[in-house]
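Participant: My structure is stored as protein-v3.cif, with mmCIF, C-alpha atoms.
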data_upload
#
loop_
_atom_site.group_PDB
_atom_site.id
_atom_site.type_symbol
_atom_site.label_atom_id
_atom_site.label_comp_id
_atom_site.auth_asym_id
_atom_site.auth_seq_id
_atom_site.Cartn_x
_atom_site.Cartn_y
_atom_site.Cartn_z
ATOM 1 C CA MET A 1 104.294 107.721 78.201
ATOM 2 C CA ALA A 2 102.224 105.990 80.486
ATOM 3 C CA GLY A 3 102.879 102.490 79.509
ATOM 4 C CA THR A 4 103.089 98.974 80.772
ATOM 5 C CA GLY A 5 105.587 96.154 80.552
ATOM 6 C CA THR A 6 108.304 94.479 82.577
ATOM 7 C CA ALA A 7 111.385 94.988 80.400
ATOM 8 C CA HIS A 8 112.963 97.074 83.158
ATOM 9 C CA LEU A 9 112.746 94.310 85.766
ATOM 10 C CA ARG A 10 116.055 92.659 86.606
ATOM 11 C CA GLY A 11 117.001 89.195 87.744
ATOM 12 C CA GLY A 12 118.959 88.587 90.902
ATOM 13 C CA ASP A 13 118.346 89.235 94.569
ATOM 14 C CA ALA A 14 115.576 91.831 94.613
ATOM 15 C CA VAL A 15 114.635 92.659 98.192
ATOM 16 C CA LEU A 16 111.337 94.157 96.962
ATOM 17 C CA LYS A 17 109.513 93.374 93.732
ATOM 18 C CA ALA A 18 106.112 94.651 92.647
ATOM 19 C CA THR A 19 104.428 93.187 89.573
ATOM 20 C CA ASP A 20 101.423 94.619 87.719
ATOM 21 C CA VAL A 21 100.102 96.541 90.745
ATOM 22 C CA ASN A 22 96.676 98.125 90.271
ATOM 23 C CA VAL A 23 94.863 100.372 92.756
ATOM 24 C CA ARG A 24 91.406 101.803 92.118
ATOM 25 C CA PHE A 25 89.136 103.929 94.287
ATOM 26 C CA LYS A 26 85.375 104.144 94.073
ATOM 27 C CA VAL A 27 84.213 107.762 94.067
ATOM 28 C CA PRO A 28 80.862 109.381 93.287
ATOM 29 C CA GLY A 29 80.415 109.155 89.542
ATOM 30 C CA GLY A 30 82.980 106.492 88.786
ATOM 31 C CA THR A 31 86.318 104.892 89.615
ATOM 32 C CA VAL A 32 89.713 106.561 89.987
ATOM 33 C CA GLN A 33 92.514 104.542 88.418
ATOM 34 C CA ALA A 34 95.234 105.657 90.836
ATOM 35 C CA VAL A 35 97.864 103.035 89.925
ATOM 36 C CA SER A 36 97.604 101.020 86.715
ATOM 37 C CA GLY A 37 99.840 98.067 85.977
ATOM 38 C CA VAL A 38 102.997 99.311 87.711
ATOM 39 C CA SER A 39 105.969 96.946 88.102
ATOM 40 C CA PHE A 40 109.388 97.588 89.638
ATOM 41 C CA ASP A 41 112.135 95.933 91.628
ATOM 42 C CA ILE A 42 114.740 97.141 94.123
ATOM 43 C CA MET A 43 118.019 95.400 94.793
ATOM 44 C CA ARG A 44 119.381 95.272 98.320
ATOM 45 C CA GLY A 45 121.009 98.557 99.304
ATOM 46 C CA GLU A 46 119.495 100.597 96.457
ATOM 47 C CA THR A 47 117.416 103.760 96.706
ATOM 48 C CA LEU A 48 114.574 103.847 94.178
ATOM 49 C CA ALA A 49 113.158 107.337 93.692
ATOM 50 C CA ILE A 50 109.551 107.511 92.487
ATOM 51 C CA VAL A 51 108.842 110.943 91.020
ATOM 52 C CA GLY A 52 105.999 112.718 89.282
ATOM 53 C CA GLU A 53 103.585 115.594 89.740
ATOM 54 C CA SER A 54 100.880 115.585 92.402
ATOM 55 C CA GLY A 55 98.139 113.053 91.690
ATOM 56 C CA CYS A 56 100.261 110.653 89.625
ATOM 57 C CA GLY A 57 99.861 107.818 92.146
ATOM 58 C CA LYS A 58 103.226 107.909 93.949
ATOM 59 C CA THR A 59 101.904 107.876 97.519
ATOM 60 C CA THR A 60 99.142 105.411 96.641
ATOM 61 C CA LEU A 61 101.782 103.051 95.262
ATOM 62 C CA GLY A 62 103.882 103.453 98.418
ATOM 63 C CA LYS A 63 100.917 102.586 100.619
ATOM 64 C CA ALA A 64 99.968 99.673 98.367
ATOM 65 C CA ILE A 65 103.423 98.211 98.974
ATOM 66 C CA LEU A 66 102.603 98.276 102.700
ATOM 67 C CA GLN A 67 99.119 96.863 101.984
ATOM 68 C CA LEU A 68 97.490 100.095 103.253
ATOM 69 C CA PRO A 69 95.155 99.173 101.632
ATOM 70 C CA PRO A 70 96.165 96.120 99.577
ATOM 71 C CA PRO A 71 96.227 96.672 95.796
ATOM 72 C CA ASP A 72 93.241 95.505 93.772
ATOM 73 C CA SER A 73 95.501 93.181 91.807
ATOM 74 C CA GLY A 74 99.165 92.391 91.313
ATOM 75 C CA SER A 75 101.835 91.135 93.707
ATOM 76 C CA VAL A 76 104.294 92.742 96.135
ATOM 77 C CA VAL A 77 107.100 90.368 97.116
ATOM 78 C CA LEU A 78 109.340 91.286 100.051
ATOM 79 C CA ASP A 79 112.329 89.003 100.627
ATOM 80 C CA GLY A 80 110.545 86.132 98.887
ATOM 81 C CA THR A 81 107.184 86.607 100.640
ATOM 82 C CA ASP A 82 104.173 87.867 98.675
ATOM 83 C CA LEU A 83 102.592 90.430 100.991
ATOM 84 C CA THR A 84 99.353 90.412 98.993
ATOM 85 C CA SER A 85 98.802 86.769 99.978
ATOM 86 C CA LEU A 86 99.045 87.536 103.712
ATOM 87 C CA SER A 87 96.420 88.741 106.165
ATOM 88 C CA GLY A 88 95.932 89.151 109.875
ATOM 89 C CA GLU A 89 98.865 88.338 112.141
ATOM 90 C CA ALA A 90 101.055 87.101 109.284
ATOM 91 C CA LEU A 91 100.795 90.434 107.466
ATOM 92 C CA ARG A 92 101.303 92.358 110.694
ATOM 93 C CA ALA A 93 104.512 90.444 111.379
ATOM 94 C CA ALA A 94 105.773 90.955 107.799
ATOM 95 C CA ARG A 95 105.336 94.725 108.128
ATOM 96 C CA THR A 96 108.120 94.845 110.735
ATOM 97 C CA SER A 97 110.503 94.450 107.766
ATOM 98 C CA ILE A 98 109.129 97.448 105.881
ATOM 99 C CA GLN A 99 108.447 100.831 107.485
ATOM 100 C CA MET A 100 107.349 104.277 106.311
ATOM 101 C CA VAL A 101 108.338 107.887 106.978
ATOM 102 C CA PHE A 102 105.337 110.103 106.285
ATOM 103 C CA GLN A 103 105.155 113.471 104.562
ATOM 104 C CA ASP A 104 103.933 115.559 107.507
ATOM 105 C CA PRO A 105 106.331 114.965 110.392
ATOM 106 C CA ILE A 106 104.207 116.777 112.980
ATOM 107 C CA SER A 107 100.833 115.086 112.394
ATOM 108 C CA SER A 108 102.470 111.644 112.183
ATOM 109 C CA LEU A 109 103.542 111.878 115.852
ATOM 110 C CA ASP A 110 101.074 111.533 118.748
ATOM 111 C CA PRO A 111 101.279 114.843 120.673
ATOM 112 C CA ARG A 112 100.266 113.096 123.923
ATOM 113 C CA MET A 113 103.312 110.843 123.940
ATOM 114 C CA THR A 114 106.840 111.725 124.974
ATOM 115 C CA VAL A 115 109.701 111.222 122.549
ATOM 116 C CA ARG A 116 110.871 108.317 124.700
ATOM 117 C CA ASN A 117 107.535 106.537 124.226
ATOM 118 C CA LEU A 118 107.197 107.462 120.542
ATOM 119 C CA VAL A 119 110.497 105.854 119.613
ATOM 120 C CA ALA A 120 110.164 102.936 122.034
ATOM 121 C CA GLU A 121 106.598 102.002 121.076
ATOM 122 C CA PRO A 122 107.584 99.592 118.231
ATOM 123 C CA LEU A 123 109.945 97.828 120.638
ATOM 124 C CA TRP A 124 107.166 97.491 123.251
ATOM 125 C CA VAL A 125 104.642 96.220 120.723
ATOM 126 C CA TRP A 126 106.994 93.492 119.510
ATOM 127 C CA ASN A 127 108.534 92.840 122.925
ATOM 128 C CA ARG A 128 112.076 93.516 121.740
ATOM 129 C CA GLY A 129 114.598 93.408 124.591
ATOM 130 C CA SER A 130 114.347 94.213 128.291
ATOM 131 C CA GLU A 131 113.388 97.630 129.648
ATOM 132 C CA ASP A 132 117.038 98.626 129.949
ATOM 133 C CA GLU A 133 117.809 97.361 126.449
ATOM 134 C CA ARG A 134 114.885 99.292 125.004
ATOM 135 C CA ASP A 135 116.002 102.461 126.762
ATOM 136 C CA ALA A 136 119.520 102.003 125.401
ATOM 137 C CA LYS A 137 118.126 101.422 121.896
ATOM 138 C CA VAL A 138 116.018 104.602 122.058
ATOM 139 C CA ARG A 139 119.064 106.609 123.117
ATOM 140 C CA GLU A 140 121.104 105.084 120.310
ATOM 141 C CA LEU A 141 118.443 105.953 117.728
ATOM 142 C CA LEU A 142 118.015 109.537 118.922
ATOM 143 C CA ASP A 143 121.758 110.028 118.903
ATOM 144 C CA ALA A 144 121.912 108.590 115.370
ATOM 145 C CA VAL A 145 119.419 111.173 114.081
ATOM 146 C CA GLY A 146 121.271 114.073 115.706
ATOM 147 C CA LEU A 147 119.116 114.656 118.798
ATOM 148 C CA GLU A 148 120.557 114.807 122.313
ATOM 149 C CA PRO A 149 118.673 112.084 124.248
ATOM 150 C CA ASP A 150 118.847 113.776 127.657
ATOM 151 C CA LEU A 151 117.317 116.956 126.197
ATOM 152 C CA VAL A 152 114.459 115.405 124.223
ATOM 153 C CA LEU A 153 113.390 112.111 125.866
ATOM 154 C CA ASP A 154 110.708 113.581 128.123
ATOM 155 C CA ARG A 155 109.416 116.266 125.766
ATOM 156 C CA ARG A 156 106.495 115.997 123.336
ATOM 157 C CA SER A 157 106.332 116.488 119.585
ATOM 158 C CA TYR A 158 104.616 119.897 119.709
ATOM 159 C CA GLU A 159 107.712 121.290 121.415
ATOM 160 C CA PHE A 160 109.851 120.667 118.330
ATOM 161 C CA SER A 161 110.256 122.134 114.860
ATOM 162 C CA GLY A 162 109.219 120.251 111.727
ATOM 163 C CA GLY A 163 112.788 119.185 111.039
ATOM 164 C CA GLN A 164 113.232 117.853 114.564
ATOM 165 C CA CYS A 165 109.917 115.977 114.351
ATOM 166 C CA GLN A 166 111.068 114.358 111.120
ATOM 167 C CA ARG A 167 114.252 113.229 112.868
ATOM 168 C CA ILE A 168 112.112 111.625 115.569
ATOM 169 C CA SER A 169 109.961 109.956 112.890
ATOM 170 C CA ILE A 170 113.054 108.536 111.195
ATOM 171 C CA ALA A 171 114.367 107.228 114.529
ATOM 172 C CA ARG A 172 111.025 105.508 115.180
ATOM 173 C CA SER A 173 110.883 104.031 111.666
ATOM 174 C CA VAL A 174 114.201 102.173 112.037
ATOM 175 C CA ALA A 175 113.627 100.980 115.632
ATOM 176 C CA LEU A 176 112.717 97.468 114.413
ATOM 177 C CA GLU A 177 115.632 97.443 111.952
ATOM 178 C CA PRO A 178 113.517 97.003 108.801
ATOM 179 C CA ALA A 179 114.933 95.845 105.482
ATOM 180 C CA VAL A 180 113.048 98.501 103.480
ATOM 181 C CA LEU A 181 112.211 102.103 104.364
ATOM 182 C CA ILE A 182 109.576 103.979 102.336
ATOM 183 C CA CYS A 183 110.005 107.768 102.524
ATOM 184 C CA ASP A 184 106.891 109.605 101.324
ATOM 185 C CA GLU A 185 107.903 113.180 100.494
ATOM 186 C CA PRO A 186 109.983 113.343 103.700
ATOM 187 C CA VAL A 187 111.312 116.865 103.098
ATOM 188 C CA SER A 188 108.503 118.596 101.174
ATOM 189 C CA ALA A 189 106.935 120.048 104.355
ATOM 190 C CA LEU A 190 110.262 121.402 105.623
ATOM 191 C CA ASP A 191 112.127 124.653 105.074
ATOM 192 C CA VAL A 192 114.681 124.518 102.274
ATOM 193 C CA SER A 193 117.458 125.149 104.797
ATOM 194 C CA ILE A 194 116.465 121.968 106.661
ATOM 195 C CA GLN A 195 115.841 119.730 103.645
ATOM 196 C CA ALA A 196 119.523 119.071 102.949
ATOM 197 C CA GLN A 197 120.092 118.096 106.588
ATOM 198 C CA ILE A 198 117.292 115.505 106.482
ATOM 199 C CA LEU A 199 118.473 114.133 103.124
ATOM 200 C CA ASN A 200 121.989 113.725 104.508
ATOM 201 C CA LEU A 201 120.535 112.085 107.613
ATOM 202 C CA LEU A 202 118.604 109.557 105.513
ATOM 203 C CA GLN A 203 121.795 108.687 103.663
ATOM 204 C CA ASP A 204 123.610 108.205 106.958
ATOM 205 C CA MET A 205 120.828 106.024 108.365
ATOM 206 C CA LYS A 206 120.762 103.960 105.167
ATOM 207 C CA GLU A 207 124.453 103.153 105.554
ATOM 208 C CA ARG A 208 124.345 102.654 109.327
ATOM 209 C CA TYR A 209 121.357 100.271 109.335
ATOM 210 C CA GLY A 210 121.809 98.660 105.914
ATOM 211 C CA LEU A 211 118.519 99.987 104.539
ATOM 212 C CA THR A 212 116.990 99.658 101.097
ATOM 213 C CA MET A 213 114.893 102.759 100.377
ATOM 214 C CA VAL A 214 111.923 103.890 98.307
ATOM 215 C CA PHE A 215 112.056 107.686 98.098
ATOM 216 C CA ILE A 216 108.824 109.314 96.874
ATOM 217 C CA SER A 217 109.029 112.929 95.701
ATOM 218 C CA HIS A 218 107.661 115.400 93.178
ATOM 219 C CA ASP A 219 111.003 117.265 93.113
ATOM 220 C CA LEU A 220 113.619 115.914 90.719
ATOM 221 C CA ALA A 221 116.195 118.291 92.184
ATOM 222 C CA VAL A 222 115.860 116.490 95.527
ATOM 223 C CA VAL A 223 116.015 112.884 94.308
ATOM 224 C CA ARG A 224 119.145 113.381 92.240
ATOM 225 C CA ALA A 225 121.280 113.442 95.372
ATOM 226 C CA VAL A 226 119.785 110.382 97.093
ATOM 227 C CA SER A 227 118.735 107.876 94.420
ATOM 228 C CA THR A 228 120.508 105.024 92.667
ATOM 229 C CA ARG A 229 117.550 104.492 90.290
ATOM 230 C CA ILE A 230 114.665 106.762 89.279
ATOM 231 C CA MET A 231 111.152 105.780 88.201
ATOM 232 C CA VAL A 232 109.026 108.552 86.675
ATOM 233 C CA MET A 233 105.235 108.242 86.910
ATOM 234 C CA TYR A 234 102.360 110.042 85.214
ATOM 235 C CA LEU A 235 98.667 109.432 85.849
ATOM 236 C CA GLY A 236 99.209 106.033 87.462
ATOM 237 C CA LYS A 237 101.651 104.691 84.856
ATOM 238 C CA ILE A 238 105.426 104.482 84.456
ATOM 239 C CA CYS A 239 107.020 106.780 81.884
ATOM 240 C CA GLU A 240 110.709 106.146 82.326
ATOM 241 C CA VAL A 241 113.151 104.182 84.481
ATOM 242 C CA GLY A 242 116.894 104.702 84.683
ATOM 243 C CA ASP A 243 119.872 105.733 86.746
ATOM 244 C CA PRO A 244 120.108 109.412 87.797
ATOM 245 C CA GLU A 245 122.888 110.265 85.326
ATOM 246 C CA ALA A 246 120.873 109.014 82.345
ATOM 247 C CA ILE A 247 117.612 110.567 83.496
ATOM 248 C CA TYR A 248 119.122 114.011 84.070
ATOM 249 C CA SER A 249 121.570 114.205 81.175
ATOM 250 C CA ARG A 250 119.494 112.564 78.431
ATOM 251 C CA PRO A 251 115.814 112.100 79.402
ATOM 252 C CA ALA A 252 114.158 109.922 76.782
ATOM 253 C CA HIS A 253 110.571 110.719 77.701
ATOM 254 C CA HIS A 254 109.004 114.083 76.944
ATOM 255 C CA TYR A 255 107.377 114.211 80.372
ATOM 256 C CA THR A 256 110.675 113.500 82.136
ATOM 257 C CA SER A 257 112.292 116.284 80.121
ATOM 258 C CA ALA A 258 109.524 118.680 81.150
ATOM 259 C CA LEU A 259 109.934 117.732 84.817
ATOM 260 C CA ILE A 260 113.664 118.395 84.674
ATOM 261 C CA GLY A 261 113.044 121.661 82.857
ATOM 262 C CA SER A 262 110.718 122.796 85.647
ATOM 263 C CA VAL A 263 113.510 122.665 88.262
ATOM 264 C CA PRO A 264 114.365 126.295 89.132
ATOM 265 C CA ILE A 265 117.864 127.497 88.242
ATOM 266 C CA PRO A 266 119.321 130.161 90.559
ATOM 267 C CA ASP A 267 120.521 132.285 87.633
ATOM 268 C CA PRO A 268 118.043 134.726 86.021
ATOM 269 C CA THR A 269 120.230 135.079 82.905
ATOM 270 C CA ARG A 270 120.374 131.367 82.111
ATOM 271 C CA ARG A 271 117.733 129.669 79.980
ATOM 272 C CA THR A 272 116.946 125.973 80.135
ATOM 273 C CA GLY A 273 116.046 125.675 76.458
ATOM 274 C CA ARG A 274 113.096 123.455 77.339
ATOM 275 C CA THR A 275 109.459 124.153 76.528
ATOM 276 C CA PRO A 276 107.142 123.933 79.550
ATOM 277 C CA LEU A 277 104.202 121.545 79.494
ATOM 278 C CA ARG A 278 100.854 122.978 78.517
ATOM 279 C CA GLY A 279 97.429 122.001 79.773
ATOM 280 C CA GLU A 280 96.294 120.071 82.812
ATOM 281 C CA PRO A 281 96.582 116.336 83.535
ATOM 282 C CA PRO A 282 93.499 114.389 82.371
ATOM 283 C CA SER A 283 91.047 113.002 84.883
ATOM 284 C CA PRO A 284 92.169 109.679 86.395
ATOM 285 C CA MET A 285 88.500 108.646 86.208
ATOM 286 C CA ASN A 286 88.617 108.843 82.428
ATOM 287 C CA PRO A 287 92.227 108.660 81.207
ATOM 288 C CA PRO A 288 93.016 109.084 77.502
ATOM 289 C CA SER A 289 93.250 106.042 75.275
ATOM 290 C CA GLY A 290 96.650 104.716 74.332
ATOM 291 C CA CYS A 291 99.332 106.836 75.901
ATOM 292 C CA ARG A 292 97.988 108.793 78.874
ATOM 293 C CA PHE A 293 100.448 111.630 78.277
ATOM 294 C CA ARG A 294 99.520 112.200 74.638
ATOM 295 C CA THR A 295 97.123 115.089 75.347
ATOM 296 C CA ARG A 296 100.064 117.172 76.608
ATOM 297 C CA CYS A 297 102.904 115.712 74.539
ATOM 298 C CA PRO A 298 104.519 117.767 71.740
ATOM 299 C CA ALA A 299 105.404 114.579 69.842
ATOM 300 C CA ALA A 300 101.988 112.873 69.982
ATOM 301 C CA SER A 301 100.717 111.090 66.873
ATOM 302 C CA ASP A 302 97.705 108.995 65.883
ATOM 303 C CA ARG A 303 99.599 105.893 67.018
ATOM 304 C CA CYS A 304 99.788 107.333 70.545
ATOM 305 C CA ALA A 305 95.982 107.444 70.727
ATOM 306 C CA ALA A 306 95.498 103.941 69.351
ATOM 307 C CA GLU A 307 98.294 101.982 71.026
ATOM 308 C CA GLU A 308 99.618 102.073 74.582
ATOM 309 C CA PRO A 309 103.426 102.118 74.604
ATOM 310 C CA GLU A 310 105.396 99.487 76.496
ATOM 311 C CA LEU A 311 108.624 100.062 78.379
ATOM 312 C CA ARG A 312 111.652 99.359 76.223
ATOM 313 C CA GLU A 313 115.366 99.868 76.600
ATOM 314 C CA VAL A 314 116.748 102.898 74.758
ATOM 315 C CA SER A 315 120.216 102.847 76.328
ATOM 316 C CA PRO A 316 121.904 100.490 78.812
ATOM 317 C CA GLY A 317 119.770 100.504 81.968
ATOM 318 C CA GLN A 318 117.400 103.224 80.688
ATOM 319 C CA TYR A 319 113.820 102.275 79.777
ATOM 320 C CA VAL A 320 111.073 104.462 78.336
ATOM 321 C CA ALA A 321 107.393 103.934 77.512
ATOM 322 C CA CYS A 322 107.051 106.152 74.453
ATOM 323 C CA HIS A 323 106.444 105.601 70.732
ATOM 324 C CA HIS A 324 108.516 108.691 69.883
ATOM 325 C CA PRO A 325 111.274 109.008 72.511
ATOM 326 C CA ARG A 326 113.597 111.980 72.568
ATOM 327 C CA GLY A 327 116.847 111.517 70.689
#
Hey, can you dump this file as structure tokens for me?
Facilitator:
Amino acid sequence: MAGTGTAHLRGGDAVLKATDVNVRFKVPGGTVQAVSGVSFDIMRGETLAIVGESGCGKTTLGKAILQLPPPDSGSVVLDGTDLTSLSGEALRAARTSIQMVFQDPISSLDPRMTVRNLVAEPLWVWNRGSEDERDAKVRELLDAVGLEPDLVLDRRSYEFSGGQCQRISIARSVALEPAVLICDEPVSALDVSIQAQILNLLQDMKERYGLTMVFISHDLAVVRAVSTRIMVMYLGKICEVGDPEAIYSRPAHHYTSALIGSVPIPDPTRRTGRTPLRGEPPSPMNPPSGCRFRTRCPAASDRCAAEEPELREVSPGQYVACHHPRG
């Protein structure tokens, strides 16, 4: 795994395209290579799921798209505008077209503000509509996320459950009608009984407001239901890209196969037939040479240590960065 290349990029009307994005952090003793040479594109109306275990660079990549902070190198093009070339007011204005739903729904909401003010704040900041129009928009958004406006408008976030707070966060994120919505682990902090409700809500909001989505998650069982394309990451690199059917039924990368095999099956008598990964991920301060997954890969060879694999097509629409892909 862990390769480079742009074979998976498509032509056409990509609403968001990232090319060779690199993000590094200075830490005591060295530099963390959080994202290394990642490229992807998203067509209008798609949902790209970015998956991988904790520490693989998913959230860092999501924030780099928003220029929070800007990547160290590479480009992020949104509707024809390279966000990495913007600064100041121009960048601030461009961010109205791309919004984010954060992982922790409670801490992402100001507990001093009422729900009315939380959802209306983007409209105030950008002077969208009159006072009456803003109030009507807030009511529309709350109704769209399944909250009764008259019951919640004058309450504060600490009076709600995590699932309700995430509904408020989603309402706020689409207030400016963005083209792209980045969802960073939007259900991982919620009870399992609530997760399906929020996933269904995101699908509804996508259709209602014509959104293109980036869905970041460590749980392949979750992304299967919401994604149109999946990108698997490991230690800051891309392992595999493909549609959900291909990824789940015939994973070409050994890491992708291990991730799918780790999804719990609610049947104690059924075996997955897959061997779990052994060992711990290497340090991002000193990643292995060649393929970054080779130290945990059952198919690793000398070539994997000497040569970094590049993404290549192994079946229509399915790309893998591996010298020895699964058959």
Participant: Evaluating the PyMOL selection byres ((chain A and resi 227) around 7) on the displayed file yields which residues, as JSON, numbers by chain?
Facilitator: {"A": [47, 48, 49, 223, 224, 225, 226, 228, 229, 230, 244]}
Participant: Please compute the atom CA of A:Asp184-atom CA of A:Gly162 distance, one decimal, in Å.
Facilitator: 15.1 Å
Participant: Just checking: using all atoms listed in the file, which residue out of A:Gln164, A:Ser54, A:Gln67, A:Thr81 ends up closest to A:Ile106?
Facilitator: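 Counting all atoms listed in the file, the residue closest to A:Ile106 is A:Gln164.
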Participant: Which residue out of A:Leu153, A:Ser169, A:Asp243, A:Tyr234 has the minimum interatomic distance to A:Pro282 when only C-alpha atoms are used?
Facilitator: A:Tyr234
Participant: Please write as number ranges by chain the full residue list that the PyMOL selection byres ((chain A and resi 36-46) around 7) yields on this file.
Facilitator: A: 4, 6, 9, 13-23, 33-35, 47-48, 210-213, 228, 236-238
Participant: For atom CA of A:Gln318 and atom CA of A:Val241, quote the distance in Å rounded to one decimal.
Facilitator: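 Result for atom CA of A:Gln318 versus atom CA of A:Val241: 5.8 Å, one decimal.
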Participant: Quick one, how far is atom CA of A:Asp135 from atom CA of A:Leu66?
Facilitator: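 Interatomic distance, atom CA of A:Asp135 to atom CA of A:Leu66: 27.9 Å.
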Participant: Give the padded box for stretch 191-201 of chain A as AutoDock Vina command-line options: axis-aligned, covering all atoms listed in the file, 3 Å on each side, centre and edge lengths in Å to one decimal.
Facilitator:
--center_x 117.1 --center_y 118.6 --center_z 104.9 --size_x 15.9 --size_y 19.1 --size_z 11.3
Participant: On this structure, the PyMOL selection byres ((chain A and resi 287-293) around 8) would catch which residues? List them as JSON, numbers by chain, sorted by chain and number.
Facilitator: {"A": [1, 2, 3, 234, 235, 255, 282, 283, 284, 285, 286, 294, 295, 296, 297, 303, 304, 305, 306, 307, 308, 309, 322]}
Participant: So, counting all atoms listed in the file, which residue among A:Ala258, A:Val232, A:Val180, A:Val125 is closest to A:Arg92?
Facilitator: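 Ranking A:Ala258, A:Val232, A:Val180, A:Val125 by distance to A:Arg92, first place goes to A:Val125.
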Participant: Find the residue from A:Asp143, A:Glu240, A:Asp154, A:Glu177 that sits nearest to A:Ile50; use all atoms listed in the file when measuring.
Facilitator: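 Once distances to A:Ile50 are computed over all atoms listed in the file, the minimum belongs to A:Glu240.
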Participant: Residues near A:Ala7, anyone? I mean within 9 Å using all atoms listed in the file, not counting same-chain ones fewer than 3 positions away, as a list in words.
Facilitator: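 Close residues of A:Ala7: Arg10, Glu310, Leu311, Arg312, Glu313 and Tyr319 of chain A.
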Participant: Would you mind exporting C-alpha atoms of the selected residues as a PDB file, in the frame of the given file?
Facilitator:
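Output (again_20.pdb):
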ATOM      1  CA  ARG A  10     116.055  92.659  86.606  1.00  0.00           C
ATOM      2  CA  GLU A 310     105.396  99.487  76.496  1.00  0.00           C
ATOM      3  CA  LEU A 311     108.624 100.062  78.379  1.00  0.00           C
ATOM      4  CA  ARG A 312     111.652  99.359  76.223  1.00  0.00           C
ATOM      5  CA  GLU A 313     115.366  99.868  76.600  1.00  0.00           C
ATOM      6  CA  TYR A 319     113.820 102.275  79.777  1.00  0.00           C
TER       7      TYR A 319
END
Participant: Could stretch 306-317 of chain A be completed with N, CA and C atoms and written as an mmCIF file, in the coordinates of the input, please?
Facilitator:
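out_36.cif, freshly written:
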data_model
loop_
_atom_site.group_PDB
_atom_site.id
_atom_site.type_symbol
_atom_site.label_atom_id
_atom_site.label_comp_id
_atom_site.auth_asym_id
_atom_site.auth_seq_id
_atom_site.Cartn_x
_atom_site.Cartn_y
_atom_site.Cartn_z
ATOM 1 N N ALA A 306 96.020 105.284 69.638
ATOM 2 C CA ALA A 306 95.498 103.941 69.351
ATOM 3 C C ALA A 306 96.221 102.832 70.107
ATOM 4 N N GLU A 307 97.467 103.066 70.478
ATOM 5 C CA GLU A 307 98.294 101.982 71.026
ATOM 6 C C GLU A 307 99.041 102.451 72.272
ATOM 7 N N GLU A 308 98.885 101.724 73.368
ATOM 8 C CA GLU A 308 99.618 102.073 74.582
ATOM 9 C C GLU A 308 101.070 101.632 74.460
ATOM 10 N N PRO A 309 102.018 102.510 74.716
ATOM 11 C CA PRO A 309 103.426 102.118 74.604
ATOM 12 C C PRO A 309 103.858 101.217 75.748
ATOM 13 N N GLU A 310 104.814 100.344 75.471
ATOM 14 C CA GLU A 310 105.396 99.487 76.496
ATOM 15 C C GLU A 310 106.824 99.941 76.779
ATOM 16 N N LEU A 311 107.259 99.712 78.010
ATOM 17 C CA LEU A 311 108.624 100.062 78.379
ATOM 18 C C LEU A 311 109.614 99.278 77.538
ATOM 19 N N ARG A 312 110.596 99.999 77.007
ATOM 20 C CA ARG A 312 111.652 99.359 76.223
ATOM 21 C C ARG A 312 112.970 100.057 76.493
ATOM 22 N N GLU A 313 114.040 99.334 76.295
ATOM 23 C CA GLU A 313 115.366 99.868 76.600
ATOM 24 C C GLU A 313 115.848 100.743 75.452
ATOM 25 N N VAL A 314 116.243 101.979 75.775
ATOM 26 C CA VAL A 314 116.748 102.898 74.758
ATOM 27 C C VAL A 314 118.240 103.141 74.911
ATOM 28 N N SER A 315 118.779 102.832 76.079
ATOM 29 C CA SER A 315 120.216 102.847 76.328
ATOM 30 C C SER A 315 120.452 101.917 77.509
ATOM 31 N N PRO A 316 121.679 101.458 77.739
ATOM 32 C CA PRO A 316 121.904 100.490 78.812
ATOM 33 C C PRO A 316 121.342 100.951 80.157
ATOM 34 N N GLY A 317 120.363 100.194 80.674
ATOM 35 C CA GLY A 317 119.770 100.504 81.968
ATOM 36 C C GLY A 317 118.712 101.584 81.949
#
